Structures are given as C-alpha cells and as structure tokens.
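structure25.txt (compact mmCIF, C-alpha atoms) appears below.
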# COMPACT_ATOMS: atom_id res chain seq x y z
CA MET F 1 3.12 -13.27 -29.03
CA GLY F 2 3.53 -16.19 -31.46
CA LEU F 3 2.99 -18.79 -28.72
CA ASP F 4 0.37 -21.50 -28.95
CA ASP F 5 -1.58 -22.81 -25.97
CA ARG F 6 0.81 -25.71 -25.39
CA LYS F 7 3.84 -23.45 -25.08
CA LEU F 8 1.88 -21.17 -22.77
CA ASP F 9 1.03 -24.20 -20.62
CA VAL F 10 4.74 -25.08 -20.49
CA LEU F 11 5.59 -21.52 -19.42
CA ARG F 12 2.92 -21.60 -16.72
CA ALA F 13 4.27 -24.92 -15.43
CA ILE F 14 7.86 -23.61 -15.38
CA ILE F 15 6.83 -20.55 -13.37
CA GLU F 16 4.71 -22.51 -10.91
CA ASP F 17 7.52 -25.04 -10.30
CA TYR F 18 10.24 -22.41 -10.01
CA VAL F 19 8.21 -20.35 -7.53
CA SER F 20 7.59 -23.39 -5.35
CA THR F 21 11.00 -25.11 -5.57
CA GLN F 22 13.42 -22.19 -6.00
CA GLU F 23 15.29 -24.45 -8.43
CA PRO F 24 15.75 -24.15 -12.22
CA VAL F 25 13.20 -26.33 -13.99
CA GLY F 26 14.06 -29.08 -16.47
CA SER F 27 11.90 -30.77 -19.10
CA LYS F 28 11.95 -34.13 -17.31
CA SER F 29 10.55 -32.68 -14.07
CA LEU F 30 7.88 -30.77 -16.02
CA VAL F 31 6.61 -33.95 -17.63
CA GLU F 32 6.63 -35.75 -14.25
CA ARG F 33 4.83 -33.03 -12.31
CA HIS F 34 2.34 -31.76 -14.89
CA SER F 35 -0.17 -33.39 -17.22
CA LEU F 36 1.10 -31.70 -20.36
CA GLY F 37 0.11 -34.59 -22.61
CA VAL F 38 3.35 -34.50 -24.64
CA SER F 39 6.77 -36.17 -24.57
CA PRO F 40 9.87 -34.75 -22.88
CA ALA F 41 11.32 -34.11 -26.35
CA THR F 42 8.32 -31.94 -27.28
CA VAL F 43 8.63 -30.05 -23.97
CA ARG F 44 12.33 -29.45 -24.69
CA ASN F 45 11.43 -28.03 -28.10
CA ASP F 46 8.80 -25.77 -26.53
CA MET F 47 11.30 -24.63 -23.90
CA ALA F 48 13.78 -23.79 -26.68
CA VAL F 49 11.15 -21.58 -28.34
CA LEU F 50 10.28 -19.91 -25.02
CA GLU F 51 13.97 -19.20 -24.44
CA GLU F 52 14.42 -17.82 -27.93
CA GLU F 53 11.40 -15.53 -27.38
CA GLY F 54 12.90 -14.26 -24.10
CA TYR F 55 10.40 -15.75 -21.65
CA ILE F 56 12.80 -18.15 -19.91
CA ARG F 57 16.57 -18.36 -19.57
CA GLN F 58 19.25 -20.81 -18.53
CA PRO F 59 21.08 -19.43 -15.46
CA HIS F 60 24.15 -21.63 -16.11
CA THR F 61 25.24 -24.48 -18.34
CA SER F 62 23.57 -27.88 -17.80
CA ALA F 63 20.86 -26.29 -15.67
CA GLY F 64 17.13 -26.13 -16.12
CA ARG F 65 15.38 -22.91 -17.04
CA VAL F 66 14.04 -20.02 -14.95
CA PRO F 67 11.49 -17.36 -15.97
CA THR F 68 12.58 -13.92 -17.12
CA ASP F 69 10.80 -10.67 -16.27
CA ALA F 70 9.01 -10.95 -19.62
CA GLY F 71 7.90 -14.47 -18.72
CA TYR F 72 6.50 -13.31 -15.40
CA ARG F 73 4.73 -10.40 -17.11
CA LEU F 74 3.08 -12.71 -19.63
CA PHE F 75 2.09 -15.02 -16.77
CA VAL F 76 0.50 -12.18 -14.75
CA ASP F 77 -1.28 -10.65 -17.74
CA ARG F 78 -2.54 -13.78 -19.52
CA LEU F 79 -1.89 -17.03 -17.74
CA SER F 80 -2.50 -16.66 -14.02
CA LYS F 81 -5.84 -16.94 -12.28
CA ILE F 82 -6.36 -15.07 -9.03
CA LYS F 83 -6.51 -17.53 -6.16
CA PRO F 84 -9.67 -16.87 -4.15
CA LEU F 85 -9.06 -16.65 -0.43
CA SER F 86 -10.63 -19.41 1.61
CA PRO F 87 -13.47 -18.57 4.03
CA ALA F 88 -11.07 -19.28 6.89
CA GLU F 89 -8.51 -16.80 5.50
CA ARG F 90 -11.18 -14.15 5.06
CA ARG F 91 -12.46 -14.63 8.61
CA ALA F 92 -8.91 -14.42 9.94
CA ILE F 93 -8.31 -11.11 8.13
CA GLU F 94 -11.59 -9.67 9.34
CA ARG F 95 -11.06 -10.71 12.97
CA PHE F 96 -7.50 -9.40 13.04
CA LEU F 97 -8.41 -5.99 11.62
CA LEU F 98 -11.64 -5.55 13.59
CA GLY F 99 -9.62 -5.66 16.81
CA ALA F 100 -7.93 -2.35 15.96
CA VAL F 101 -8.60 0.51 18.39
CA ASP F 102 -7.45 3.53 16.32
CA LEU F 103 -5.87 4.49 13.01
CA ASP F 104 -2.32 3.70 14.12
CA ASP F 105 -3.47 0.27 15.20
CA VAL F 106 -5.28 -0.28 11.87
CA VAL F 107 -2.14 0.58 9.88
CA HIS F 108 0.22 -1.52 12.00
CA ARG F 109 -2.13 -4.50 12.04
CA THR F 110 -2.54 -4.22 8.27
CA VAL F 111 1.17 -4.14 7.49
CA ARG F 112 1.89 -7.09 9.83
CA LEU F 113 -0.99 -9.04 8.33
CA LEU F 114 0.18 -8.48 4.75
CA ALA F 115 3.71 -9.55 5.62
CA GLN F 116 2.50 -12.70 7.35
CA LEU F 117 0.02 -13.75 4.66
CA THR F 118 2.28 -13.12 1.64
CA ARG F 119 5.65 -13.82 3.31
CA GLN F 120 6.99 -10.71 1.58
CA VAL F 121 7.92 -7.19 2.66
CA ALA F 122 4.73 -5.20 3.31
CA VAL F 123 4.29 -1.43 3.04
CA VAL F 124 1.21 0.57 4.06
CA GLN F 125 0.78 4.31 3.63
CA TYR F 126 -1.17 6.16 6.30
CA PRO F 127 -4.24 7.90 4.85
CA SER F 128 -2.99 10.99 3.05
CA LEU F 129 -4.17 14.31 4.45
CA SER F 130 -4.38 15.67 0.91
CA ARG F 131 -7.09 13.07 0.19
CA SER F 132 -8.98 13.45 3.48
CA LYS F 133 -11.96 15.49 4.67
CA VAL F 134 -12.54 17.29 7.94
CA ARG F 135 -14.74 15.15 10.17
CA HIS F 136 -14.65 17.27 13.31
CA LEU F 137 -12.70 20.07 14.98
CA GLU F 138 -12.54 20.13 18.76
CA LEU F 139 -11.44 22.94 21.08
CA VAL F 140 -10.20 21.68 24.43
CA PRO F 141 -9.57 24.39 27.09
CA LEU F 142 -6.24 23.92 28.85
CA SER F 143 -6.52 27.15 30.81
CA THR F 144 -8.45 30.43 30.51
CA THR F 145 -5.99 31.64 27.84
CA ARG F 146 -4.82 28.42 26.20
CA MET F 147 -6.61 25.62 24.36
CA MET F 148 -5.88 22.57 22.26
CA LEU F 149 -7.12 22.60 18.67
CA VAL F 150 -7.80 19.01 17.53
CA MET F 151 -8.62 18.27 13.90
CA ILE F 152 -9.97 14.78 13.10
CA THR F 153 -10.25 13.64 9.49
CA ASP F 154 -12.71 11.18 7.99
CA THR F 155 -9.85 8.70 7.67
CA GLY F 156 -9.04 8.82 11.36
CA ARG F 157 -5.94 11.00 11.27
CA VAL F 158 -5.64 13.44 14.14
CA GLU F 159 -3.73 16.75 14.11
CA GLN F 160 -3.26 18.70 17.36
CA ARG F 161 -2.04 22.23 18.03
CA GLN F 162 -1.86 24.29 21.21
CA VAL F 163 -3.24 27.82 20.83
CA ASP F 164 -2.63 30.84 23.07
CA ILE F 165 -5.76 33.02 23.04
CA PRO F 166 -5.57 36.79 23.59
CA GLY F 167 -7.45 37.46 26.84
CA THR F 168 -9.59 35.05 28.81
CA LEU F 169 -12.34 33.02 27.17
CA PRO F 170 -15.37 31.67 29.10
CA ALA F 171 -16.63 28.14 28.41
CA GLU F 172 -19.71 29.31 26.47
CA ASP F 173 -17.51 31.28 24.08
CA VAL F 174 -15.37 28.21 23.45
CA LEU F 175 -18.51 26.25 22.56
CA GLU F 176 -19.66 28.99 20.19
CA LEU F 177 -16.29 29.10 18.43
CA ARG F 178 -16.34 25.33 18.06
CA ARG F 179 -19.87 25.41 16.63
CA ILE F 180 -19.01 28.07 14.04
CA ILE F 181 -15.79 26.33 12.94
CA ASN F 182 -17.45 22.93 12.54
CA ALA F 183 -20.41 24.39 10.67
CA LYS F 184 -18.02 25.96 8.18
CA LEU F 185 -15.41 23.21 7.77
CA GLY F 186 -17.13 19.93 8.69
CA GLY F 187 -17.20 17.49 5.78
CA GLN F 188 -15.00 19.66 3.57
CA PRO F 189 -11.95 18.23 1.76
CA LEU F 190 -8.80 19.49 3.45
CA THR F 191 -7.51 20.85 0.15
CA GLN F 192 -10.55 23.14 -0.13
CA THR F 193 -10.66 24.48 3.42
CA PRO F 194 -8.11 27.36 3.43
CA PRO F 195 -10.44 29.86 1.67
CA LEU F 196 -13.23 28.90 4.09
CA VAL F 197 -11.00 29.47 7.12
CA GLN F 198 -10.26 33.00 5.96
CA THR F 199 -13.99 33.86 6.14
CA LEU F 200 -14.41 32.66 9.75
CA VAL F 201 -13.21 35.91 11.31
CA GLU F 202 -15.88 37.89 9.47
CA GLU F 203 -18.67 35.64 10.77
CA VAL F 204 -18.24 36.05 14.53
CA SER F 205 -19.25 38.82 16.89
CA ASP F 206 -16.75 41.54 17.77
CA ASP F 207 -15.99 40.07 21.21
CA LEU F 208 -15.00 36.69 19.65
CA ARG F 209 -13.01 38.15 16.77
CA PRO F 210 -9.58 38.24 18.48
CA ALA F 211 -9.86 34.58 19.52
CA MET F 212 -11.16 33.51 16.09
CA THR F 213 -8.36 35.43 14.36
CA THR F 214 -5.80 33.45 16.34
CA LEU F 215 -7.60 30.16 15.77
CA ALA F 216 -7.93 30.84 12.04
CA SER F 217 -4.21 31.52 11.78
CA ILE F 218 -3.35 28.21 13.48
CA LEU F 219 -5.92 26.38 11.35
CA LEU F 220 -4.36 27.73 8.16
CA GLU F 221 -0.92 26.62 9.32
CA THR F 222 -2.31 23.16 10.05
CA LEU F 223 -4.11 22.86 6.71
CA VAL F 224 -1.58 24.47 4.38
CA GLU F 225 1.55 23.06 5.97
CA ARG F 226 3.21 20.32 3.94
CA HIS F 227 2.56 17.30 6.13
CA GLU F 228 5.04 14.49 5.93
CA GLU F 229 3.35 11.42 4.54
CA ARG F 230 3.81 8.42 6.80
CA ILE F 231 4.31 4.77 6.02
CA ALA F 232 4.60 1.52 7.96
CA LEU F 233 6.91 -1.33 6.96
CA ALA F 234 7.00 -4.98 8.06
CA GLY F 235 8.44 -8.32 6.98
CA THR F 236 11.91 -7.24 5.87
CA ALA F 237 13.27 -10.48 7.31
CA ASN F 238 11.22 -12.36 4.71
CA LEU F 239 13.82 -11.35 2.12
CA THR F 240 16.30 -13.75 3.73
CA ARG F 241 14.21 -16.66 2.45
CA ALA F 242 15.26 -15.80 -1.11
CA SER F 243 17.59 -18.02 -3.11
CA MET F 244 20.94 -16.92 -4.55
CA LEU F 245 19.31 -16.52 -7.97
CA ASP F 246 16.72 -14.07 -6.66
CA PHE F 247 19.02 -11.14 -5.84
CA ALA F 248 22.23 -11.99 -7.70
CA GLY F 249 23.83 -13.01 -4.42
CA SER F 250 23.09 -9.83 -2.40
CA ILE F 251 19.96 -8.29 -0.91
CA ARG F 252 21.86 -5.23 0.34
CA PRO F 253 20.71 -2.85 -2.45
CA VAL F 254 17.09 -3.85 -1.78
CA LEU F 255 17.47 -3.28 1.97
CA GLU F 256 19.04 0.13 1.35
CA ALA F 257 16.16 1.10 -0.95
CA LEU F 258 13.64 0.04 1.70
CA GLU F 259 15.20 2.55 4.11
CA GLU F 260 14.20 5.43 1.82
CA GLU F 261 10.64 6.47 2.63
CA VAL F 262 10.51 8.66 -0.47
CA ILE F 263 11.07 5.57 -2.63
CA LEU F 264 8.44 3.55 -0.77
CA LEU F 265 5.87 6.34 -1.07
CA LYS F 266 6.56 6.58 -4.79
CA LEU F 267 6.02 2.84 -5.12
CA ILE F 268 2.72 2.53 -3.24
CA GLY F 269 1.48 6.07 -2.58
CA GLU F 270 0.22 7.05 -6.03
CA GLN F 271 -2.52 4.46 -6.32
CA SER F 272 -5.89 4.05 -7.93
CA GLY F 273 -8.40 1.41 -6.94
CA SER F 274 -6.92 -1.15 -9.33
CA THR F 275 -4.08 -3.53 -8.49
CA ARG F 276 -0.70 -2.72 -10.01
CA VAL F 277 2.08 -5.27 -10.54
CA SER F 278 5.59 -4.00 -11.35
CA ILE F 279 8.04 -6.73 -12.31
CA GLY F 280 11.84 -6.51 -12.29
CA ASP F 281 13.14 -4.01 -14.84
CA GLU F 282 9.74 -2.29 -14.93
CA ASN F 283 10.67 -0.72 -11.57
CA GLU F 284 11.95 2.83 -11.77
CA TYR F 285 14.65 2.33 -9.11
CA ALA F 286 17.71 0.34 -10.17
CA ASP F 287 18.17 -1.19 -6.71
CA LEU F 288 14.71 -2.75 -6.92
CA ARG F 289 15.00 -4.31 -10.37
CA ALA F 290 15.41 -7.76 -8.87
CA THR F 291 12.03 -7.38 -7.17
CA SER F 292 8.34 -7.29 -7.96
CA ILE F 293 5.82 -5.00 -6.28
CA VAL F 294 2.10 -5.72 -5.99
CA SER F 295 0.18 -2.67 -4.81
CA THR F 296 -3.27 -1.12 -4.69
CA GLY F 297 -5.13 1.82 -3.20
CA TYR F 298 -7.52 1.66 -0.26
CA GLY F 299 -10.10 3.88 1.36
CA PRO F 300 -13.68 4.17 2.61
CA GLY F 301 -16.58 3.80 0.19
CA GLY F 302 -14.47 3.61 -2.94
CA GLN F 303 -12.52 6.77 -2.05
CA ILE F 304 -8.75 6.20 -2.33
CA VAL F 305 -6.88 7.76 0.61
CA GLY F 306 -3.65 5.74 0.63
CA GLY F 307 -1.76 2.83 -0.86
CA MET F 308 -0.53 -0.52 0.32
CA GLY F 309 1.44 -3.35 -1.19
CA VAL F 310 4.12 -5.98 -0.90
CA LEU F 311 7.62 -6.28 -2.32
CA GLY F 312 9.61 -9.44 -2.89
CA PRO F 313 11.73 -11.30 -5.42
CA THR F 314 10.34 -11.67 -8.93
CA ARG F 315 9.98 -15.37 -8.05
CA MET F 316 6.68 -14.63 -6.38
CA ASP F 317 3.32 -16.35 -6.01
CA TYR F 318 1.56 -13.68 -8.08
CA PRO F 319 -2.00 -15.10 -8.01
CA GLY F 320 -1.97 -15.57 -4.22
CA THR F 321 -0.22 -12.25 -3.54
CA ILE F 322 -2.60 -10.24 -5.75
CA ALA F 323 -5.63 -11.84 -4.09
CA THR F 324 -4.30 -11.14 -0.59
CA VAL F 325 -3.41 -7.50 -1.27
CA ARG F 326 -6.84 -6.88 -2.82
CA ALA F 327 -8.68 -8.57 0.04
CA VAL F 328 -6.80 -6.75 2.80
CA ALA F 329 -7.27 -3.39 1.04
CA ARG F 330 -11.01 -4.03 0.78
CA TYR F 331 -11.31 -4.91 4.48
CA VAL F 332 -9.34 -1.83 5.53
CA GLY F 333 -11.56 0.37 3.35
CA ASP F 334 -14.67 -1.16 4.93
CA LEU F 335 -13.21 -0.60 8.39
CA LEU F 336 -12.51 3.07 7.68
CA ALA F 337 -16.02 3.50 6.30
CA GLN F 338 -17.59 2.01 9.43
CA ASN F 339 -15.57 4.15 11.79
Could you show the structure in this file as structure tokens?
Amino acid sequence: MGLDDRKLDVLRAIIEDYVSTQEPVGSKSLVERHSLGVSPATVRNDMAVLEEEGYIRQPHTSAGRVPTDAGYRLFVDRLSKIKPLSPAERRAIERFLLGAVDLDDVVHRTVRLLAQLTRQVAVVQYPSLSRSKVRHLELVPLSTTRMMLVMITDTGRVEQRQVDIPGTLPAEDVLELRRIINAKLGGQPLTQTPPLVQTLVEEVSDDLRPAMTTLASILLETLVERHEERIALAGTANLTRASMLDFAGSIRPVLEALEEEVILLKLIGEQSGSTRVSIGDENEYADLRATSIVSTGYGPGGQIVGGMGVLGPTRMDYPGTIATVRAVARYVGDLLAQN
C-alpha cells in the first residue's frame, strides 16, 4: 500500500469524522479532535499523499476531504475494529426476537430490528426451501374425499395443498398414509426427496394405492415446483437521513433498485456464514454504486438457510454495522435451532 502507520491513522480519523459529521474533513479539525501527535502541516502532507493514492478526495475547491470507495475498503479490511455490542444491546436483541410466534414473525421482527439498530435499509431473506429439510408432513381431513397436505420444514416454512382423494378414506387409513410418508421423507433435504416420493406408491397396500398415487403427485408438484423466494424489507426511510454528497443529490435510483426483489435476493441471498461487505463500485448494479451492503448468512446449527443484511450510503459506521448484522444473524440461527 505504501502507507505508514501515521498516514493510516489519518485516514482512520478522516473516515470516523466524516461518518459522524457528514461534512468534509479538514486538517485543522483532525488535529483538534484526534491525538495524532503531529502538526497540522504534517497532517496536510499526509492528506496530500492519501489523496494522491486515491483514498480520499476533495469534493469541491476549498473544502476538506472525504473518503473514496478505496479508502473505505482499506478501512474495513485493515483499520477498523468490530465494535462489540453492549450487554444491554444483546439482551434487547434476544428479548425482541424471542417474542416471535412463528417464522413470519421471526423474519419481520428481524428486519425491523436490523433497520432500527443500524439506521439503514434492512433486508432479510426467508429461509430458502432449496436449503431446507422436511420436518413433518401432516394430512388433515377436510371431508371423506378431500384433505389438506401440510409440509413443514426444519426452518419453519409451511407449504399447504388441498388434495381430492379418489373414493372415501376412513380415519385409520389417513393415519397410515401419514405414517408411511413421514417415515420416508422426514428429515430429508427437500432437494433429495423427489426420488423418494416416487417409491411411496410401491410401499402401500393395494387398497391405499389410489390415495397414495394422488398424494405422491401433489407432493412432487410441491417439492419440484420453483418456489418464489421471499424477502422482507424495512427502513427505507432511513435513506432520507443521507447528505447531498452521499447519493449525488438523488436517492431515486437506489429506491428503484430496492423495488426489485431479484436484485435484493442477488445481494443477500447467496451467502455463506462469513460477513460480506460490498462498497460503492464493487456493487454489480449501477444504481447501487453509491451504497455499501453488509450481509451474512443465517441458519440453525451452522447450516445456512438464508441471508440478511443492510444497505446504506458508503458513509457508514462499518464496525458497528458489521457487529450488529453478525449478532442478529447468530440470534436468529439460535432461534431456528431451538424451534
């Protein structure tokens, strides 16, 4: 990089001040606010080097300096330290999420919580069916010839289908069909269940075969069908807190991009367990190149079943945002594991 520790300290100070004040940072204010141990003239020289190297820029004549995308990247990779959440913050997260009554409630509480804690736009992907396992299949009689097939995944997603059965089916036969289906499919990844479903018809008695044939057909439709991935969004109004420098005078392109679920899924849906930070021009979508995205995967017991993250201007509190996204993802994973 060609930067000594002093210049890196100056860059860190510029970023911290700019994030907190929303104003370009000058050498005089840096010396006043930070214990850099050098004169304003030395700080000006260091700022000149940082500008020449592309880590800061001057937005207009006679102004202070603001970080560039490269400056933020260097800060995230080398200079920032993750801010640990306070015990009070951790308790607040835990209490808020533990009050959830079902998966929908978990997702909506999570996205609201992320938006409130980070003061950014928050996005949470519902657990993906392609990454889920069958927890239980229930058959609920609606009449003697119709029943409800309910599939519950290990991540709490529920899929329901009504099934018309050929002929009447007594209660004991319904119980037997349910037992056979659960014995075959329970605990299996959804992506591996279609071949198993096809064998169900061969494993029942002749009198249950017509009903099982119908059920197997509906099950295959439910499992093979391309399910629309779902996301939840909150905190869009937080973008209005940005300064004119953040979005070149207009947040409209960002708002339009946030309306495209395909874009949001691409941003946060292809996650591993590590935290990813995309800054400015690193983003694939041109309309989001004035933003940064902090995202991670979540799931029970280390299994990744979905993604979550926040989006905001590149002038972001990266250490605090990264810590919050990681903490919330961990709590949601624990919650899914417990339930």
What does the structure give for the distance between CA of Arg161 (chain F) and CA of Asp105 (chain F), in Å to one decimal?
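Spanning CA of Arg161 (chain F) to CA of Asp105 (chain F) is a straight-line distance of 22.2 Å.
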Ranking F:Leu97, F:Thr199, F:Thr168, F:Ala337 by minimum distance to Leu114 (chain F) and counting all atoms listed in the file, which one comes first?
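Of F:Leu97, F:Thr199, F:Thr168, F:Ala337, the one nearest Leu114 (chain F) is F:Leu97, counting all atoms listed in the file.
Of the residues listed (F:Ala329, F:Ser27, F:Leu79, F:Gly302), F:Ser27 shows the shortest atom-to-atom separation from Ala41 (chain F); distances use only C-alpha atoms.
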Env of Leu113 (chain F): 12 Å cut, atoms = all atoms listed in the file, seq-sep filter 5 positions within chain, self excluded. Answer as a PyMOL selection string.
chain F and resi 89-90+92-97+105-108+118-124+232-235+308-310+324-325+327-329+331-332
Excluding Glu259 (chain F) and its own-chain neighbours fewer than 2 positions away, which residues fall within 12 Å of it when counting only C-alpha atoms? Please give them as JSON, numbers by chain.
{"F": [123, 231, 232, 233, 234, 236, 252, 253, 254, 255, 256, 257, 261, 262, 263, 264, 265, 287]}
Neighbouring residues of Thr214 (chain F) were defined as those with any atom within 12 Å, considering only C-alpha atoms; residues of the same chain fewer than 4 positions away were excluded. Please report them as JSON, numbers by chain.
{"F": [145, 146, 147, 149, 161, 162, 163, 164, 165, 166, 167, 177, 197, 198, 200, 201, 208, 209, 210, 218, 219, 220, 221]}
Any idea what's packed within 9 Å of Leu223 (chain F), counting all atoms listed in the file, ignoring anything in its chain fewer than 6 positions away? Could you give it as JSON, numbers by chain?
{"F": [129, 190, 191, 193, 194]}
In Å to one decimal, how far is CA of Leu336 (chain F) from CA of Thr155 (chain F)?
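Straight-line distance from CA of Thr155 (chain F) to CA of Leu336 (chain F) works out to 6.2 Å.
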One number please: CA of Leu288 (chain F) to CA of Arg241 (chain F), in Å, one decimal.
16.8 Å
For a quick check of understanding, using all atoms listed in the file, which of F:Gly26, F:Pro84, F:Gly273, F:Gly37 has the smallest distance to Arg57 (chain F)?
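Closest candidate: F:Gly26.
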Counting only C-alpha atoms, which of F:Arg65, F:Arg330, F:His136, F:Lys7 gets nearest to Lys28 (chain F)?
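Among F:Arg65, F:Arg330, F:His136, F:Lys7, it is F:Arg65 that comes nearest to Lys28 (chain F).
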In file coordinates, which residues lie within 7 Å of (-7.6, -2.5, -5.6) using all atoms listed in the file, given as a PyMOL selection string?
chain F and resi 273-275+296-298+326+329
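Comparing F:Pro319, F:Leu36, F:Asp154, F:Pro127 by their smallest distance to Ile268 (chain F), the closest is F:Pro127 (using only C-alpha atoms).
Distances here use all atoms listed in the file; by that measure, the residue among F:Val31, F:Leu8, F:Ala70, F:Val305 closest to Arg131 (chain F) is F:Val305.
Surrounding residues of (-13.8, 11.5, 1.6) at most 9 Å away are Arg131, Ser132, Lys133, Val134, Thr153, Asp154, Thr155, Gly187, Gln188, Pro189, Gly299, Pro300, Gly301, Gln303, Ile304 and Val305 of chain F (based on all atoms listed in the file).
Neighbours of Asp246 (chain F) closer than or equal to 10 Å, with all atoms listed in the file counted and sequence neighbours fewer than 2 positions away skipped, come out as Gln22, Leu239, Arg241, Ala242, Ser243, Met244, Ala248, Gly249, Ser250, Ile251, Ala290, Thr291, Gly312, Pro313, Thr314 and Arg315 of chain F.
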Using the block above, I'd like region 64-86 of chain F written out, keeping N, CA, C and O atoms and formatting it as a PDB file, in the first residue's frame.
ATOM      1  N   GLY F  64     -12.752  20.411   2.774  1.00  0.00           N
ATOM      2  CA  GLY F  64     -11.962  19.337   3.346  1.00  0.00           C
ATOM      3  C   GLY F  64     -12.021  18.113   2.447  1.00  0.00           C
ATOM      4  O   GLY F  64     -12.475  18.179   1.296  1.00  0.00           O
ATOM      5  N   ARG F  65     -11.597  16.993   2.988  1.00  0.00           N
ATOM      6  CA  ARG F  65     -11.557  15.765   2.193  1.00  0.00           C
ATOM      7  C   ARG F  65     -12.612  14.772   2.683  1.00  0.00           C
ATOM      8  O   ARG F  65     -13.021  14.793   3.845  1.00  0.00           O
ATOM      9  N   VAL F  66     -13.024  13.882   1.762  1.00  0.00           N
ATOM     10  CA  VAL F  66     -13.954  12.801   2.099  1.00  0.00           C
ATOM     11  C   VAL F  66     -13.333  11.501   1.609  1.00  0.00           C
ATOM     12  O   VAL F  66     -12.532  11.499   0.663  1.00  0.00           O
ATOM     13  N   PRO F  67     -13.673  10.377   2.229  1.00  0.00           N
ATOM     14  CA  PRO F  67     -13.097   9.094   1.798  1.00  0.00           C
ATOM     15  C   PRO F  67     -13.633   8.672   0.425  1.00  0.00           C
ATOM     16  O   PRO F  67     -14.757   8.999   0.046  1.00  0.00           O
ATOM     17  N   THR F  68     -12.834   7.935  -0.300  1.00  0.00           N
ATOM     18  CA  THR F  68     -13.275   7.285  -1.537  1.00  0.00           C
ATOM     19  C   THR F  68     -13.667   5.835  -1.221  1.00  0.00           C
ATOM     20  O   THR F  68     -13.464   5.356  -0.096  1.00  0.00           O
ATOM     21  N   ASP F  69     -14.196   5.148  -2.206  1.00  0.00           N
ATOM     22  CA  ASP F  69     -14.516   3.729  -2.018  1.00  0.00           C
ATOM     23  C   ASP F  69     -13.265   2.943  -1.617  1.00  0.00           C
ATOM     24  O   ASP F  69     -13.315   2.051  -0.769  1.00  0.00           O
ATOM     25  N   ALA F  70     -12.120   3.303  -2.232  1.00  0.00           N
ATOM     26  CA  ALA F  70     -10.868   2.610  -1.898  1.00  0.00           C
ATOM     27  C   ALA F  70     -10.465   2.888  -0.451  1.00  0.00           C
ATOM     28  O   ALA F  70      -9.943   2.007   0.246  1.00  0.00           O
ATOM     29  N   GLY F  71     -10.726   4.119   0.001  1.00  0.00           N
ATOM     30  CA  GLY F  71     -10.427   4.446   1.394  1.00  0.00           C
ATOM     31  C   GLY F  71     -11.278   3.648   2.361  1.00  0.00           C
ATOM     32  O   GLY F  71     -10.791   3.131   3.371  1.00  0.00           O
ATOM     33  N   TYR F  72     -12.578   3.546   2.048  1.00  0.00           N
ATOM     34  CA  TYR F  72     -13.466   2.743   2.896  1.00  0.00           C
ATOM     35  C   TYR F  72     -13.040   1.273   2.891  1.00  0.00           C
ATOM     36  O   TYR F  72     -13.076   0.599   3.928  1.00  0.00           O
ATOM     37  N   ARG F  73     -12.646   0.767   1.724  1.00  0.00           N
ATOM     38  CA  ARG F  73     -12.235  -0.641   1.645  1.00  0.00           C
ATOM     39  C   ARG F  73     -11.003  -0.890   2.505  1.00  0.00           C
ATOM     40  O   ARG F  73     -10.934  -1.887   3.235  1.00  0.00           O
ATOM     41  N   LEU F  74     -10.026   0.002   2.428  1.00  0.00           N
ATOM     42  CA  LEU F  74      -8.833  -0.153   3.250  1.00  0.00           C
ATOM     43  C   LEU F  74      -9.199  -0.087   4.727  1.00  0.00           C
ATOM     44  O   LEU F  74      -8.679  -0.855   5.551  1.00  0.00           O
ATOM     45  N   PHE F  75     -10.127   0.806   5.065  1.00  0.00           N
ATOM     46  CA  PHE F  75     -10.571   0.940   6.453  1.00  0.00           C
ATOM     47  C   PHE F  75     -11.224  -0.354   6.935  1.00  0.00           C
ATOM     48  O   PHE F  75     -10.915  -0.855   8.019  1.00  0.00           O
ATOM     49  N   VAL F  76     -12.125  -0.933   6.138  1.00  0.00           N
ATOM     50  CA  VAL F  76     -12.819  -2.156   6.535  1.00  0.00           C
ATOM     51  C   VAL F  76     -11.845  -3.321   6.650  1.00  0.00           C
ATOM     52  O   VAL F  76     -11.910  -4.119   7.588  1.00  0.00           O
ATOM     53  N   ASP F  77     -10.920  -3.414   5.700  1.00  0.00           N
ATOM     54  CA  ASP F  77     -10.021  -4.574   5.664  1.00  0.00           C
ATOM     55  C   ASP F  77      -8.892  -4.509   6.685  1.00  0.00           C
ATOM     56  O   ASP F  77      -8.469  -5.536   7.216  1.00  0.00           O
ATOM     57  N   ARG F  78      -8.405  -3.286   6.996  1.00  0.00           N
ATOM     58  CA  ARG F  78      -7.176  -3.202   7.796  1.00  0.00           C
ATOM     59  C   ARG F  78      -7.275  -2.337   9.044  1.00  0.00           C
ATOM     60  O   ARG F  78      -6.545  -2.561  10.007  1.00  0.00           O
ATOM     61  N   LEU F  79      -8.152  -1.347   9.015  1.00  0.00           N
ATOM     62  CA  LEU F  79      -8.082  -0.332  10.059  1.00  0.00           C
ATOM     63  C   LEU F  79      -9.184  -0.400  11.092  1.00  0.00           C
ATOM     64  O   LEU F  79      -9.034   0.096  12.201  1.00  0.00           O
ATOM     65  N   SER F  80     -10.324  -0.959  10.729  1.00  0.00           N
ATOM     66  CA  SER F  80     -11.462  -0.915  11.654  1.00  0.00           C
ATOM     67  C   SER F  80     -11.436  -2.102  12.614  1.00  0.00           C
ATOM     68  O   SER F  80     -10.951  -3.186  12.277  1.00  0.00           O
ATOM     69  N   LYS F  81     -11.954  -1.876  13.788  1.00  0.00           N
ATOM     70  CA  LYS F  81     -12.129  -2.933  14.775  1.00  0.00           C
ATOM     71  C   LYS F  81     -13.617  -3.080  15.046  1.00  0.00           C
ATOM     72  O   LYS F  81     -14.315  -2.091  15.259  1.00  0.00           O
ATOM     73  N   ILE F  82     -14.094  -4.327  15.000  1.00  0.00           N
ATOM     74  CA  ILE F  82     -15.521  -4.562  15.203  1.00  0.00           C
ATOM     75  C   ILE F  82     -15.922  -4.088  16.593  1.00  0.00           C
ATOM     76  O   ILE F  82     -15.297  -4.452  17.593  1.00  0.00           O
ATOM     77  N   LYS F  83     -16.958  -3.276  16.643  1.00  0.00           N
ATOM     78  CA  LYS F  83     -17.444  -2.786  17.932  1.00  0.00           C
ATOM     79  C   LYS F  83     -18.272  -3.872  18.609  1.00  0.00           C
ATOM     80  O   LYS F  83     -19.302  -4.281  18.072  1.00  0.00           O
ATOM     81  N   PRO F  84     -17.841  -4.352  19.763  1.00  0.00           N
ATOM     82  CA  PRO F  84     -18.672  -5.358  20.442  1.00  0.00           C
ATOM     83  C   PRO F  84     -19.976  -4.730  20.923  1.00  0.00           C
ATOM     84  O   PRO F  84     -19.991  -3.584  21.371  1.00  0.00           O
ATOM     85  N   LEU F  85     -21.056  -5.483  20.799  1.00  0.00           N
ATOM     86  CA  LEU F  85     -22.327  -4.996  21.309  1.00  0.00           C
ATOM     87  C   LEU F  85     -22.311  -5.015  22.835  1.00  0.00           C
ATOM     88  O   LEU F  85     -21.720  -5.907  23.440  1.00  0.00           O
ATOM     89  N   SER F  86     -22.961  -4.046  23.414  1.00  0.00           N
ATOM     90  CA  SER F  86     -23.029  -3.993  24.874  1.00  0.00           C
ATOM     91  C   SER F  86     -23.962  -5.087  25.381  1.00  0.00           C
ATOM     92  O   SER F  86     -24.816  -5.582  24.633  1.00  0.00           O
TER      93      SER F  86
END
